[in-house]
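*Asks:* Sharing query.cif below, mmCIF, C-alpha atoms and all ligand atoms:
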```cif
data_structure
#
loop_
_atom_site.label_atom_id
_atom_site.label_comp_id
_atom_site.auth_asym_id
_atom_site.auth_seq_id
_atom_site.Cartn_x
_atom_site.Cartn_y
_atom_site.Cartn_z
CA MET A 281 270.71 -84.74 185.38
CA SER A 282 270.70 -88.44 184.78
CA PRO A 283 273.95 -90.32 185.52
CA GLN A 284 276.44 -91.11 182.77
CA LEU A 285 275.67 -94.59 181.44
CA GLY A 286 278.33 -97.30 181.44
CA THR A 287 280.31 -98.07 178.27
CA LEU A 288 281.15 -101.35 176.58
CA GLU A 289 284.87 -100.75 177.17
CA GLU A 290 284.32 -100.78 180.94
CA LEU A 291 283.30 -104.43 180.76
CA PRO A 292 285.92 -107.23 180.90
CA GLN A 293 286.77 -108.78 177.54
CA ASP A 294 285.84 -112.33 178.61
CA TYR A 295 282.37 -111.11 179.61
CA ARG A 296 281.95 -109.27 176.29
CA ASP A 297 283.03 -112.39 174.38
CA ALA A 298 280.60 -114.56 176.39
CA MET A 299 277.73 -112.15 175.63
CA THR A 300 278.56 -112.22 171.91
CA ALA A 301 278.67 -116.04 171.97
CA ALA A 302 275.25 -116.06 173.65
CA GLY A 303 273.78 -113.62 171.09
CA VAL A 304 273.07 -110.83 173.56
CA ALA A 305 274.41 -107.32 174.13
CA PRO A 306 274.12 -104.83 177.00
CA LEU A 307 271.51 -102.14 176.41
CA TRP A 308 273.04 -99.42 178.59
CA PRO A 309 275.96 -98.40 176.30
CA MET A 310 273.46 -98.01 173.42
CA MET A 311 270.49 -96.61 175.34
CA ARG A 312 270.95 -92.98 174.24
CA ASN A 313 271.30 -94.01 170.58
CA VAL A 314 267.66 -95.07 170.60
CA LEU A 315 266.34 -92.76 173.33
CA PRO A 316 268.07 -89.37 173.06
CA HIS A 317 266.94 -86.77 175.58
CA GLY A 318 264.30 -84.18 174.74
CA ARG A 319 263.89 -84.75 171.01
CA PRO A 320 264.93 -87.20 168.28
CA GLN A 321 268.33 -86.84 166.62
CA PRO A 322 267.43 -87.44 162.97
CA GLN A 323 269.78 -89.01 160.47
CA THR A 324 267.89 -87.14 157.75
CA LYS A 325 269.54 -83.94 156.49
CA PRO A 326 267.76 -81.15 154.61
CA GLY A 327 267.88 -81.79 150.86
CA HIS A 328 267.24 -79.64 147.77
CA TRP A 329 266.75 -80.86 144.22
CA SER A 330 266.47 -78.13 141.59
CA PHE A 331 264.31 -79.11 138.67
CA ASP A 332 266.77 -77.47 136.26
CA ALA A 333 269.37 -80.04 137.36
CA LEU A 334 267.01 -83.05 137.32
CA ARG A 335 265.21 -82.39 134.03
CA PRO A 336 268.13 -83.05 131.62
CA LEU A 337 269.12 -86.16 133.60
CA LEU A 338 265.58 -87.51 133.37
CA LEU A 339 265.32 -86.79 129.65
CA ARG A 340 268.63 -88.60 129.16
CA ALA A 341 267.25 -91.58 131.03
CA GLY A 342 264.51 -91.50 128.39
CA ASP A 343 267.17 -91.99 125.70
CA LEU A 344 269.22 -94.54 127.61
CA THR A 345 266.59 -96.80 129.15
CA PRO A 346 263.35 -97.83 127.43
CA VAL A 347 260.41 -97.94 129.81
CA GLU A 348 260.17 -101.72 129.23
CA LYS A 349 263.54 -102.07 130.94
CA ALA A 350 262.64 -99.78 133.83
CA GLU A 351 259.02 -100.68 134.78
CA ARG A 352 259.05 -97.12 136.21
CA ARG A 353 261.64 -94.67 134.79
CA VAL A 354 262.49 -92.77 137.95
CA LEU A 355 265.40 -90.84 139.46
CA VAL A 356 265.23 -91.21 143.23
CA LEU A 357 265.81 -88.19 145.48
CA SER A 358 268.22 -89.55 148.10
CA ASP A 359 268.39 -88.07 151.60
CA PRO A 360 271.83 -86.37 151.91
CA GLY A 361 272.02 -87.73 155.47
CA ARG A 362 271.88 -91.33 154.16
CA GLY A 363 273.87 -90.74 150.98
CA ASN A 364 273.38 -91.29 147.29
CA GLY A 365 271.31 -94.32 146.43
CA ALA A 366 269.23 -94.14 149.62
CA LEU A 367 265.68 -95.05 148.60
CA GLN A 368 264.24 -92.36 150.83
CA ALA A 369 264.23 -88.56 151.09
CA THR A 370 263.36 -88.52 154.81
CA SER A 371 262.78 -91.16 157.48
CA SER A 372 259.31 -91.91 156.15
CA ILE A 373 259.03 -90.30 152.71
CA TYR A 374 260.29 -91.71 149.41
CA LEU A 375 260.50 -89.21 146.54
CA GLY A 376 261.30 -89.83 142.88
CA MET A 377 260.96 -87.92 139.61
CA GLN A 378 259.36 -90.04 136.91
CA LEU A 379 259.51 -89.60 133.13
CA LEU A 380 256.97 -90.98 130.67
CA LEU A 381 257.43 -90.32 126.94
CA PRO A 382 254.60 -89.93 124.41
CA GLY A 383 253.07 -93.27 123.49
CA GLU A 384 254.70 -95.13 126.39
CA THR A 385 252.89 -97.15 129.00
CA ALA A 386 254.15 -98.16 132.43
CA PRO A 387 252.74 -101.63 133.24
CA ALA A 388 250.04 -102.32 135.80
CA HIS A 389 251.10 -103.35 139.27
CA VAL A 390 249.78 -103.34 142.79
CA HIS A 391 251.81 -103.01 145.98
CA THR A 392 251.51 -102.56 149.69
CA PRO A 393 252.96 -99.00 149.95
CA SER A 394 250.79 -96.04 148.92
CA ALA A 395 251.79 -93.36 146.42
CA VAL A 396 250.75 -89.89 145.43
CA ARG A 397 251.92 -88.31 142.20
CA VAL A 398 252.33 -84.55 141.92
CA MET A 399 252.28 -83.57 138.25
CA VAL A 400 255.26 -81.42 137.30
CA GLU A 401 255.48 -80.94 133.54
CA GLY A 402 253.72 -81.84 130.31
CA ALA A 403 250.21 -82.83 129.23
CA GLY A 404 248.49 -85.94 127.95
CA ALA A 405 249.56 -88.48 130.57
CA TYR A 406 247.10 -90.38 132.72
CA THR A 407 247.12 -92.96 135.49
CA VAL A 408 244.54 -95.73 135.61
CA VAL A 409 243.62 -96.76 139.16
CA ASP A 410 241.20 -99.64 139.53
CA GLY A 411 239.84 -98.95 136.01
CA GLU A 412 239.38 -95.20 136.57
CA LYS A 413 241.31 -93.04 134.10
CA LEU A 414 242.86 -90.05 135.86
CA PRO A 415 244.14 -87.27 133.60
CA MET A 416 247.28 -85.58 134.93
CA GLN A 417 247.67 -81.80 134.61
CA PRO A 418 250.52 -79.82 136.21
CA GLY A 419 249.92 -79.45 139.97
CA ASP A 420 247.30 -82.24 140.11
CA LEU A 421 247.60 -84.85 142.85
CA VAL A 422 246.85 -88.42 141.79
CA LEU A 423 246.51 -91.13 144.43
CA THR A 424 247.44 -94.76 144.06
CA PRO A 425 246.73 -96.12 147.54
CA GLY A 426 248.26 -99.40 148.65
CA GLY A 427 246.36 -102.40 147.27
CA GLU A 428 245.01 -100.56 144.20
CA TRP A 429 246.10 -101.65 140.70
CA HIS A 430 247.67 -98.80 138.73
CA ASP A 431 249.33 -98.21 135.37
CA HIS A 432 250.36 -95.08 133.47
CA GLY A 433 249.86 -94.05 129.85
CA HIS A 434 250.61 -91.02 127.69
CA ASP A 435 248.47 -89.81 124.73
CA GLY A 436 250.22 -86.42 124.39
CA SER A 437 253.17 -85.22 122.34
CA GLU A 438 255.72 -83.96 124.90
CA PRO A 439 257.62 -85.74 127.68
CA VAL A 440 255.68 -85.83 130.95
CA ILE A 441 257.37 -85.60 134.34
CA TRP A 442 255.85 -86.07 137.78
CA LEU A 443 257.00 -86.40 141.37
CA ASP A 444 256.19 -89.66 143.15
CA ALA A 445 255.79 -89.50 146.93
CA LEU A 446 255.44 -92.85 148.74
CA ASP A 447 255.38 -94.15 152.27
CA LEU A 448 257.75 -96.87 151.02
CA PRO A 449 260.46 -96.47 153.75
CA LEU A 450 257.92 -97.53 156.40
CA TYR A 451 256.96 -100.65 154.48
CA VAL A 452 260.60 -101.55 153.88
CA TYR A 453 261.33 -101.08 157.60
CA LEU A 454 258.34 -103.28 158.46
CA GLU A 455 259.47 -105.90 155.89
CA GLY A 456 256.02 -105.42 154.39
CA SER A 457 256.86 -104.11 150.91
CA TYR A 458 256.00 -106.22 147.86
CA ALA A 459 254.25 -105.95 144.49
CA ASN A 460 252.31 -108.04 141.97
CA GLU A 461 252.27 -107.36 138.24
CA GLY A 462 249.43 -107.69 135.77
CA PRO A 463 248.16 -106.64 132.33
CA LEU A 464 247.15 -103.03 131.54
CA GLN A 465 243.68 -102.34 132.89
CA ALA A 466 240.53 -101.75 130.91
CA GLN A 467 239.53 -98.10 131.34
CA ARG A 468 235.98 -97.11 132.18
CA ASN A 469 234.77 -94.59 129.60
CA ARG A 470 233.73 -91.74 131.90
CA PRO A 471 235.37 -88.74 133.63
CA ASP A 472 237.06 -89.33 137.00
CA ALA A 473 235.25 -88.80 140.31
CA ALA A 474 236.70 -85.27 140.78
CA GLN A 475 234.63 -84.26 137.74
CA VAL A 476 231.50 -86.23 138.64
CA GLU A 477 230.76 -87.31 142.24
CA TYR A 478 233.03 -84.80 144.00
CA ARG A 479 232.82 -81.67 141.86
CA ALA A 480 231.83 -79.35 144.67
CA ALA A 481 233.02 -79.07 148.28
CA GLY A 482 230.28 -80.05 150.72
CA LEU A 483 228.43 -82.34 148.31
CA VAL A 484 228.76 -86.13 148.18
CA PRO A 485 226.63 -88.71 146.37
CA SER A 486 223.53 -89.51 148.42
CA ARG A 487 224.48 -92.01 151.07
CA ALA A 488 221.01 -93.56 150.91
CA ARG A 489 221.78 -94.78 147.38
CA SER A 490 225.41 -95.76 147.31
CA ARG A 491 228.25 -96.88 149.49
CA ALA A 492 231.44 -94.96 148.82
CA ARG A 493 234.73 -96.64 148.00
CA ARG A 494 237.45 -96.45 150.64
CA TYR A 495 239.30 -93.98 148.39
CA PRO A 496 236.40 -92.28 146.58
CA MET A 497 238.44 -89.53 144.91
CA MET A 498 241.80 -90.38 143.34
CA ARG A 499 242.57 -87.06 141.63
CA TYR A 500 242.75 -83.59 143.17
CA PRO A 501 242.80 -81.08 140.30
CA TRP A 502 245.23 -78.21 140.83
CA ALA A 503 242.72 -75.69 139.46
CA HIS A 504 240.44 -76.38 142.49
CA THR A 505 243.33 -76.17 144.97
CA GLU A 506 244.72 -72.92 143.58
CA ALA A 507 241.30 -71.25 143.50
CA ALA A 508 240.66 -72.26 147.13
CA LEU A 509 244.08 -71.03 148.29
CA ARG A 510 243.58 -67.68 146.57
CA GLU A 511 240.27 -67.09 148.37
CA MET A 512 241.83 -68.16 151.68
CA ALA A 513 244.69 -65.72 151.11
CA ARG A 514 242.22 -62.93 150.28
CA PHE A 515 239.66 -63.45 153.02
CA GLY A 516 241.42 -65.68 155.54
CA ASP A 517 243.18 -64.55 158.70
CA HIS A 518 246.37 -63.15 157.09
CA THR A 519 248.60 -66.05 158.08
CA VAL A 520 249.85 -68.26 155.28
CA ALA A 521 246.98 -69.88 153.38
CA GLU A 522 247.15 -73.67 153.81
CA MET A 523 244.70 -76.37 152.76
CA ASP A 524 244.89 -80.06 153.68
CA TYR A 525 243.96 -82.68 151.09
CA ILE A 526 241.26 -84.93 152.55
CA ASN A 527 239.07 -87.87 151.67
CA PRO A 528 235.73 -86.16 150.81
CA GLU A 529 233.67 -88.96 152.38
CA THR A 530 235.47 -89.31 155.71
CA GLY A 531 237.23 -85.97 156.18
CA GLU A 532 240.39 -87.90 156.98
CA ASP A 533 243.79 -87.42 155.39
CA ILE A 534 244.01 -88.84 151.86
CA LEU A 535 246.34 -91.69 152.85
CA PRO A 536 246.84 -93.62 156.10
CA ALA A 537 250.49 -92.57 156.62
CA LEU A 538 251.21 -89.54 154.44
CA GLY A 539 249.50 -86.16 154.48
CA PHE A 540 249.47 -83.48 151.79
CA THR A 541 249.01 -79.76 152.40
CA ALA A 542 248.90 -77.02 149.76
CA MET A 543 250.37 -73.66 150.73
CA MET A 544 250.25 -70.20 149.19
CA LEU A 545 252.78 -67.53 150.09
CA GLN A 546 252.24 -64.05 148.76
CA ALA A 547 255.09 -61.99 147.27
CA GLY A 548 257.28 -60.86 150.17
CA GLN A 549 255.47 -63.05 152.71
CA ASP A 550 257.46 -65.06 155.25
CA ASP A 551 256.42 -68.04 157.33
CA SER A 552 258.07 -69.52 160.42
CA PRO A 553 255.94 -72.55 161.31
CA PRO A 554 256.23 -74.34 164.67
CA LEU A 555 258.71 -77.20 164.97
CA ARG A 556 256.81 -80.30 163.87
CA SER A 557 257.53 -83.90 164.85
CA CYS A 558 256.85 -85.06 161.28
CA SER A 559 259.40 -85.04 158.48
CA GLN A 560 258.42 -82.98 155.46
CA ALA A 561 259.03 -82.45 151.77
CA PHE A 562 258.10 -79.30 149.86
CA HIS A 563 257.39 -79.24 146.15
CA VAL A 564 257.21 -75.84 144.45
CA VAL A 565 254.29 -75.77 142.02
CA SER A 566 255.12 -72.19 141.05
CA GLY A 567 256.96 -69.16 142.44
CA ARG A 568 260.36 -68.33 143.85
CA GLY A 569 261.81 -67.75 147.27
CA HIS A 570 264.14 -69.20 149.84
CA SER A 571 263.86 -71.27 152.99
CA VAL A 572 266.32 -71.77 155.82
CA ILE A 573 266.03 -75.29 157.23
CA ASP A 574 268.11 -76.12 160.30
CA GLY A 575 270.57 -73.43 159.17
CA LYS A 576 270.78 -74.60 155.55
CA ARG A 577 269.64 -72.04 152.99
CA VAL A 578 267.66 -73.33 150.00
CA ASP A 579 266.97 -70.95 147.11
CA TRP A 580 263.99 -72.45 145.35
CA GLY A 581 262.22 -71.91 142.04
CA PRO A 582 259.40 -73.54 140.08
CA LYS A 583 259.23 -77.37 140.22
CA ASP A 584 262.03 -77.65 142.81
CA THR A 585 261.73 -80.05 145.73
CA PHE A 586 263.28 -79.70 149.20
CA THR A 587 263.05 -81.60 152.47
CA ALA A 588 263.13 -81.03 156.22
CA PRO A 589 263.91 -83.58 158.96
CA VAL A 590 261.71 -84.06 162.02
CA PHE A 591 261.61 -81.04 164.39
CA ALA A 592 263.37 -78.85 161.78
CA GLU A 593 263.53 -75.11 162.31
CA ILE A 594 262.06 -73.72 159.10
CA ASP A 595 261.82 -70.14 157.82
CA HIS A 596 260.31 -69.55 154.39
CA LYS A 597 260.36 -66.30 152.45
CA ALA A 598 258.66 -65.90 149.09
CA ASP A 599 260.07 -63.40 146.57
CA GLU A 600 257.09 -63.95 144.29
CA GLU A 601 253.59 -65.32 144.83
CA SER A 602 254.35 -69.00 145.43
CA PHE A 603 252.38 -72.23 145.64
CA LEU A 604 253.92 -75.22 147.41
CA ILE A 605 252.70 -78.71 148.21
CA ARG A 606 253.94 -80.04 151.54
CA VAL A 607 254.20 -83.82 152.03
CA HIS A 608 254.45 -85.06 155.61
CA ASP A 609 253.81 -88.04 157.86
CA ARG A 610 251.52 -86.31 160.36
CA PRO A 611 248.68 -88.81 159.66
CA LEU A 612 250.88 -91.72 160.73
CA GLN A 613 252.20 -89.88 163.78
CA GLU A 614 248.65 -88.98 164.86
CA LYS A 615 247.66 -92.64 164.60
CA LEU A 616 250.67 -93.52 166.76
CA ALA A 617 249.58 -90.68 169.11
CA TYR A 618 252.86 -88.76 169.13
CA TYR A 619 252.42 -85.95 166.60
CA GLU A 620 253.63 -82.76 168.20
CA GLU A 621 254.20 -79.10 167.40
CA ARG A 622 256.53 -76.92 169.45
CA ALA A 623 256.36 -73.12 169.47
CA ARG A 624 259.47 -71.31 168.20
C1 LIG B 1 255.61 -97.08 141.90
O1 LIG B 1 254.57 -97.94 141.91
C2 LIG B 1 255.61 -96.04 140.98
O2 LIG B 1 253.53 -96.64 140.04
C3 LIG B 1 256.66 -95.15 141.00
O3 LIG B 1 254.56 -94.98 139.20
C4 LIG B 1 257.70 -95.27 141.87
C5 LIG B 1 258.79 -96.48 143.65
C6 LIG B 1 258.82 -97.51 144.51
C7 LIG B 1 257.80 -98.44 144.56
C8 LIG B 1 256.71 -98.30 143.72
C9 LIG B 1 254.49 -95.89 140.01
C10 LIG B 1 257.72 -96.33 142.77
C11 LIG B 1 256.67 -97.26 142.81
#
```
The structure in this file should be written as structure tokens.
Ligand code: 1HN
*Replies:*
Amino acid sequence: MSPQLGTLEELPQDYRDAMTAAGVAPLWPMMRNVLPHGRPQPQTKPGHWSFDALRPLLLRAGDLTPVEKAERRVLVLSDPGRGNGALQATSSIYLGMQLLLPGETAPAHVHTPSAVRVMVEGAGAYTVVDGEKLPMQPGDLVLTPGGEWHDHGHDGSEPVIWLDALDLPLYVYLEGSYANEGPLQAQRNRPDAAQVEYRAAGLVPSRARSRARRYPMMRYPWAHTEAALREMARFGDHTVAEMDYINPETGEDILPALGFTAMMLQAGQDDSPPLRSCSQAFHVVSGRGHSVIDGKRVDWGPKDTFTAPVFAEIDHKADEESFLIRVHDRPLQEKLAYYEERAR
């Protein structure tokens, strides 16, 4: 046992006043706030956002606020532990639901944080990243890495909704978040790299002929992910089928800070993963079930989103065959050399 640390109240008032005047403060009364024993004490609380509740609010935003007055028409999913209006869902993950109506465009900009969009509903929308037009189908992941120009458009006839996941809280914390705006980009008239250079796992354009971009593949079609998960579930080792999204040229995670993992749970299957040092968000592509996260029960259905703080105790149970996309900050924690998993 370590000794009880001294408190501020134990110190004479004249000394406390002199410290304040000198712009200093004693560390020892605050030491355990920043270095708790054994594991972090997260401010983040588990959250759950049902799509049935968000959808009408988003559509109403479409009536109330033209996209020109919003730049991005988004409802932010605020961490319950930080309260409404918090521009983060966990310590490191920003989440927002974005609406684009037929014929609308969201102007081009570039910023330091990186984003991934998970398509939720509707057809006909696309994102242009560095001139590459990326069609967005439900379940697709579309990357807009930091430093890449991106704008959105919509050629279809129904409202389109997607989930934005960004590493924004880190950039805000680092005082490194900013954007520049520009005109809509010219679109190259060819299919995106997921349909050309990176159609098949294990094949990349000949390295003798070309040097790959840093982010060679910006769209991960859901059809490929679902097919891979199904084969893993059929022929894999009977645990939950999980696939990580990676950069096909480097094998690394798709973004520097955030990682994305697709999961398939079969009807009736449960999953009690180890405690992980990363915070996590789960988006339900399809299916129904429930999860208990640090004692909080979340009953989830299609297109719902829920979150777990660092080191959360998580138990999932699927009632139906379910596909989820898990967003986490393992890539960042591995770079900082502290990612950890603890057995239950
Ligand atoms: C952003 O660039 C988008 O491009 C959406 O769609 C949400 C939230 C914060 C900062 C940048 C987008 C964002 C964002």
*Asks:* In Å, how far is it from atom CA of Ala508 of chain A to atom CA of Ala445 of chain A?
*Replies:*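 Interatomic distance, atom CA of Ala508 of chain A to atom CA of Ala445 of chain A: 22.9 Å.
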*Asks:* Select the residues contacting ligand LIG 1 (chain B) at a distance of at most 10 Å, based on all atoms listed in the file, then format the selection as a PyMOL selection string.
*Replies:* chain A and resi 351-356+367-368+374-380+386-397+407+409+423-426+429-432+442-449+457-459
*Asks:* For segment 416-535 of chain A versus segment 596-604 of chain A, which residues have an atom no more than 10 Å away, and what is each residue's nearest atom pair and distance in Å rounded to one decimal, using only C-alpha atoms, chain-then-number order, as a Markdown table?
*Replies:*
```
| residue | atom | partner | partner_atom | distance |
| --- | --- | --- | --- | --- |
| A:Gly419 | CA | A:Leu604 | CA | 9.4 |
| A:Thr505 | CA | A:Phe603 | CA | 9.9 |
| A:Glu506 | CA | A:Phe603 | CA | 8.0 |
| A:Leu509 | CA | A:Phe603 | CA | 8.8 |
| A:Arg510 | CA | A:Phe603 | CA | 10.0 |
| A:Ala521 | CA | A:Phe603 | CA | 9.7 |
| A:Glu522 | CA | A:Leu604 | CA | 9.4 |
```
*Asks:* Which is closer to Ala333 of chain A than all the others in A:Pro528, A:Pro346, A:Gly404, A:Gly581, using all atoms listed in the file?
*Replies:* A:Gly581
*Asks:* May I have the residues within 7 Å of Asp579 of chain A as a list in words, using all atoms listed in the file and disregarding those fewer than 4 positions away in the same chain?
*Replies:* Gly569, His570 and Ser571 of chain A
*Asks:* Which residues are near Gln417 of chain A? Cut-off 10 Å, only C-alpha atoms, ignore same chain within fewer than 6 positions. Put them as a PyMOL selection string.
*Replies:* chain A and resi 398-406+440+442+501-503
*Asks:* So how many Å separate atom CA of Pro320 of chain A and atom CA of Trp308 of chain A, to one decimal?
*Replies:*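 So the answer is 17.9 Å.
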*Asks:* Compare A:Val422, A:Ile534, A:Val484, A:Leu357 by their minimum atom-to-atom distance to Met498 of chain A, counting only C-alpha atoms, and give me the closest one.
*Replies:*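 Nearest to Met498 of chain A: A:Val422.
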*Asks:* With distances taken over all atoms listed in the file, which residue among A:Lys325, A:Arg514, A:Arg493, A:Lys349 lies nearest Ser371 of chain A?
*Replies:*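 Checking each candidate against Ser371 of chain A, we get A:Lys325 as the closest.
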*Asks:* What does the structure give for the distance between atom CA of Pro611 of chain A and atom CA of Ser557 of chain A, in Å to one decimal?
*Replies:*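 Atom CA of Pro611 of chain A sits 11.4 Å away from atom CA of Ser557 of chain A.
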*Asks:* Let me have the centre and edge lengths in Å, one decimal, of the box along x, y and z around every listed atom of segment 384-390 of chain A with 8 Å of margin on each side, as JSON.
*Replies:*
```
{"center_x": 252.2, "center_y": -99.2, "center_z": 134.6, "size_x": 20.9, "size_y": 24.2, "size_z": 32.4}
```
*Asks:* Leaving out Phe540 of chain A and any residue of its chain fewer than 2 positions from it, which residues lie within 7 Å of it when counting only C-alpha atoms, given as a list in words?
*Replies:*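 Contacts, in chain order: Asp524, Tyr525, Leu538, Ala542, Ile605, Arg606, Val607 and His608 of chain A.
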*Asks:* Looking at A:Leu288, A:Glu438, A:Ala588, A:Leu612, which one is nearest to Leu307 of chain A, with distances taken over all atoms listed in the file?
*Replies:*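 Nearest to Leu307 of chain A: A:Leu288.
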